[in-house]
Amino acid sequence: MHLSEFRDRLNDLLDHDEYASADASANGLQVGSVEPADTVEHAAFAVDGVEATFEAAAAAGADVLVVHHGIVWGGLDRVTGLEYDRVATLVENDLDLYVSHLPLDGHDELGNAAGLADYLDCELVEPFGEAGGVHIGQRVRAETPYTVERLRDRLSGLDTGGKPVDVLDFGPEEIEDIGIVTGGGADWIREAAEAGVDAFVTGEGKQKVYHEAREAGVNVFLAGHYATETFGVQALADLVATWDVETTYLDHPTGL
């Protein structure tokens, strides 16, 4: 498959145009020549686009690395220092870089929130987590209500790098309706409270989360930024494998 076709199919599938004005990330192909000879026979997938995953993708023989967190956020004024090293690693290994950030959070089939909902045996109710006119999460309903302890235990099964799941148990003991914004979703506590959910699940918090959760009477589960954002790239890897492209998933947990 030619790189341009690979890029265009993912762009369309993930509705990148819809998220363009809301996302600081330069979604789509961030590094790649799209020359006539630039084809994709082997695609690697990882959460973070960093030297460690670039090197692992190159060692696996991949032509392109698909990640959730890329290297361009709101413009790239200079390619020096860290940025130079990362770009150099890609170029030296003839490795292209494709990125999908917020679109891969909110997609209702392939997204991180949808994947986490499936892991929790929940059904999707409606989009959740409004950001710049788009949604980056999901409101879901558990098939069998959780207790606070049981939901914590289930989330502890994620790839947290050994870090415990932090819980602010300020809401009801029985949890059925859940708001999910993966990664750094602390800013959506108030939306969770307004939606009347029993719990809000995200990756990491801020100091203000404790007080907002307590005052709003919402349970908050902080299950790890990395751990809650592995679902999207793994779903993409499964999909791309049906395109007659070899795929490799690279797990590089941060414990954060």
# chains A, B, ... in the order shown; residues from 1 in each chain; ligands from 1
>>> residues_around(residues="segment 156-170 of chain A", least_positions_apart="2", cutoff="9 Å", atoms="only C-alpha atoms", output="VMD selection string")
chain A and resid 148 151 to 154 172 to 173 199 204 209 to 210 213 to 228 230 253 to 256
>>> write_last_selection(atoms="C-alpha atoms", output="PDB file, in the first residue's frame")
ATOM      1  CA  VAL A 148     -15.987   1.618  44.043  1.00  0.00           C
ATOM      2  CA  LEU A 151     -14.077  -0.653  39.594  1.00  0.00           C
ATOM      3  CA  ARG A 152     -10.707   0.198  41.120  1.00  0.00           C
ATOM      4  CA  ASP A 153      -9.700  -3.464  40.893  1.00  0.00           C
ATOM      5  CA  ARG A 154     -10.766  -3.700  37.255  1.00  0.00           C
ATOM      6  CA  PRO A 172     -22.263   6.882  45.317  1.00  0.00           C
ATOM      7  CA  GLU A 173     -21.081   3.403  46.269  1.00  0.00           C
ATOM      8  CA  ALA A 199     -18.050   8.161  38.392  1.00  0.00           C
ATOM      9  CA  GLU A 204      -4.198  11.664  35.616  1.00  0.00           C
ATOM     10  CA  VAL A 209      -9.537  17.575  41.045  1.00  0.00           C
ATOM     11  CA  TYR A 210      -9.792  16.616  44.712  1.00  0.00           C
ATOM     12  CA  ALA A 213     -14.823  15.929  42.937  1.00  0.00           C
ATOM     13  CA  ARG A 214     -15.573  16.354  46.636  1.00  0.00           C
ATOM     14  CA  GLU A 215     -17.825  19.353  46.144  1.00  0.00           C
ATOM     15  CA  ALA A 216     -19.624  17.778  43.175  1.00  0.00           C
ATOM     16  CA  GLY A 217     -20.099  14.388  44.855  1.00  0.00           C
ATOM     17  CA  VAL A 218     -18.486  12.428  42.014  1.00  0.00           C
ATOM     18  CA  ASN A 219     -16.221   9.398  42.252  1.00  0.00           C
ATOM     19  CA  VAL A 220     -13.009   9.955  40.290  1.00  0.00           C
ATOM     20  CA  PHE A 221     -10.637   7.210  39.170  1.00  0.00           C
ATOM     21  CA  LEU A 222      -7.123   8.131  37.980  1.00  0.00           C
ATOM     22  CA  ALA A 223      -5.903   5.041  36.134  1.00  0.00           C
ATOM     23  CA  GLY A 224      -2.805   6.406  34.421  1.00  0.00           C
ATOM     24  CA  HIS A 225      -2.311   8.548  31.326  1.00  0.00           C
ATOM     25  CA  TYR A 226      -0.485   5.849  29.395  1.00  0.00           C
ATOM     26  CA  ALA A 227      -2.651   3.003  30.663  1.00  0.00           C
ATOM     27  CA  THR A 228      -5.914   4.603  29.534  1.00  0.00           C
ATOM     28  CA  THR A 230      -3.315   2.139  24.791  1.00  0.00           C
ATOM     29  CA  PRO A 253       4.573   2.023  29.598  1.00  0.00           C
ATOM     30  CA  THR A 254       5.590   5.107  31.559  1.00  0.00           C
ATOM     31  CA  GLY A 255       3.842   4.445  34.848  1.00  0.00           C
ATOM     32  CA  LEU A 256       2.344   7.940  34.589  1.00  0.00           C
TER      33      LEU A 256
END
>>> select_by_dssp(residues="segment 20-70 of chain A", states="strand (DSSP E or B)", output="list in words")
Ser25, Gly28, Leu29, Gln30, Val31, Thr39, His42, Ala43, Ala44, Phe45, Ala46, Val47, Asp48, Val64, Leu65, Val66, Val67, His68 and His69 of chain A
>>> select_by_dssp(residues="segment 32-71 of chain A", states="helix (DSSP H, G or I)", output="list in words")
Glu51, Ala52, Thr53, Phe54, Glu55, Ala56, Ala57, Ala58 and Ala59 of chain A
>>> closest_residue(among="A:Leu104, A:Ala22, A:Ala114, A:Leu124", to="Val67 of chain A", atoms="only C-alpha atoms")
A:Leu104
>>> residues_around(residues="Ala131 of chain A", least_positions_apart="5", cutoff="12 Å", atoms="only C-alpha atoms", output="VMD selection string")
chain A and resid 18 to 24 102 to 103 105 to 106 136 to 137 181 185 187 to 188 191
>>> closest_atom_pairs(of="segment 27-97 of chain A", to="segment 240-245 of chain A", cutoff="10 Å", atoms="only C-alpha atoms", output="tab-separated table")
residue	atom	partner	partner_atom	distance
A:Val40	CA	A:Val245	CA	7.1
A:Glu41	CA	A:Val245	CA	5.1
A:His42	CA	A:Val245	CA	5.6
A:Ala43	CA	A:Val245	CA	6.9
>>> write_last_selection(atoms="N, CA and C atoms", output="PDB file, in the first residue's frame")
ATOM      1  N   VAL A  40       3.898   1.151   2.370  1.00  0.00           N
ATOM      2  CA  VAL A  40       3.732   0.609   3.719  1.00  0.00           C
ATOM      3  C   VAL A  40       3.437  -0.882   3.617  1.00  0.00           C
ATOM      4  N   GLU A  41       4.395  -1.671   4.005  1.00  0.00           N
ATOM      5  CA  GLU A  41       4.203  -3.112   4.096  1.00  0.00           C
ATOM      6  C   GLU A  41       4.135  -3.575   5.546  1.00  0.00           C
ATOM      7  N   HIS A  42       4.735  -2.764   6.429  1.00  0.00           N
ATOM      8  CA  HIS A  42       4.780  -3.107   7.848  1.00  0.00           C
ATOM      9  C   HIS A  42       4.568  -1.826   8.647  1.00  0.00           C
ATOM     10  N   ALA A  43       3.535  -1.788   9.477  1.00  0.00           N
ATOM     11  CA  ALA A  43       3.228  -0.623  10.309  1.00  0.00           C
ATOM     12  C   ALA A  43       3.356  -0.993  11.783  1.00  0.00           C
TER      13      ALA A  43
END
>>> residues_around(residues="Glu83 of chain A", least_positions_apart="5", cutoff="10 Å", atoms="only C-alpha atoms", output="PyMOL selection string")
chain A and resi 50+71-72+76+78+88-89
>>> write_last_selection(atoms="N, CA, C and O atoms", output="JSON list (two decimals), in the first residue's frame")
[["chain", "number", "residue", "atom", "x", "y", "z"],
["A", 50, "VAL", "N", 8.43, 8.78, 20.40],
["A", 50, "VAL", "CA", 9.67, 9.19, 21.06],
["A", 50, "VAL", "C", 10.80, 8.31, 20.53],
["A", 50, "VAL", "O", 10.58, 7.33, 19.82],
["A", 71, "ILE", "N", 5.15, 14.47, 17.58],
["A", 71, "ILE", "CA", 6.26, 15.37, 17.90],
["A", 71, "ILE", "C", 5.97, 16.82, 17.54],
["A", 71, "ILE", "O", 6.79, 17.70, 17.82],
["A", 72, "VAL", "N", 4.82, 17.09, 16.93],
["A", 72, "VAL", "CA", 4.47, 18.46, 16.54],
["A", 72, "VAL", "C", 3.19, 18.88, 17.26],
["A", 72, "VAL", "O", 2.13, 18.27, 17.07],
["A", 76, "LEU", "N", 6.11, 23.88, 14.74],
["A", 76, "LEU", "CA", 7.47, 23.48, 15.03],
["A", 76, "LEU", "C", 8.39, 24.55, 14.46],
["A", 76, "LEU", "O", 8.67, 24.58, 13.26],
["A", 78, "ARG", "N", 11.63, 25.37, 15.30],
["A", 78, "ARG", "CA", 13.02, 24.99, 15.09],
["A", 78, "ARG", "C", 13.18, 23.49, 15.27],
["A", 78, "ARG", "O", 12.55, 22.90, 16.14],
["A", 88, "ALA", "N", 15.81, 13.11, 13.36],
["A", 88, "ALA", "CA", 16.97, 12.42, 12.80],
["A", 88, "ALA", "C", 16.82, 10.92, 12.91],
["A", 88, "ALA", "O", 17.15, 10.17, 11.98],
["A", 89, "THR", "N", 16.30, 10.44, 14.04],
["A", 89, "THR", "CA", 16.10, 9.00, 14.22],
["A", 89, "THR", "C", 15.13, 8.46, 13.19],
["A", 89, "THR", "O", 15.33, 7.37, 12.63]]
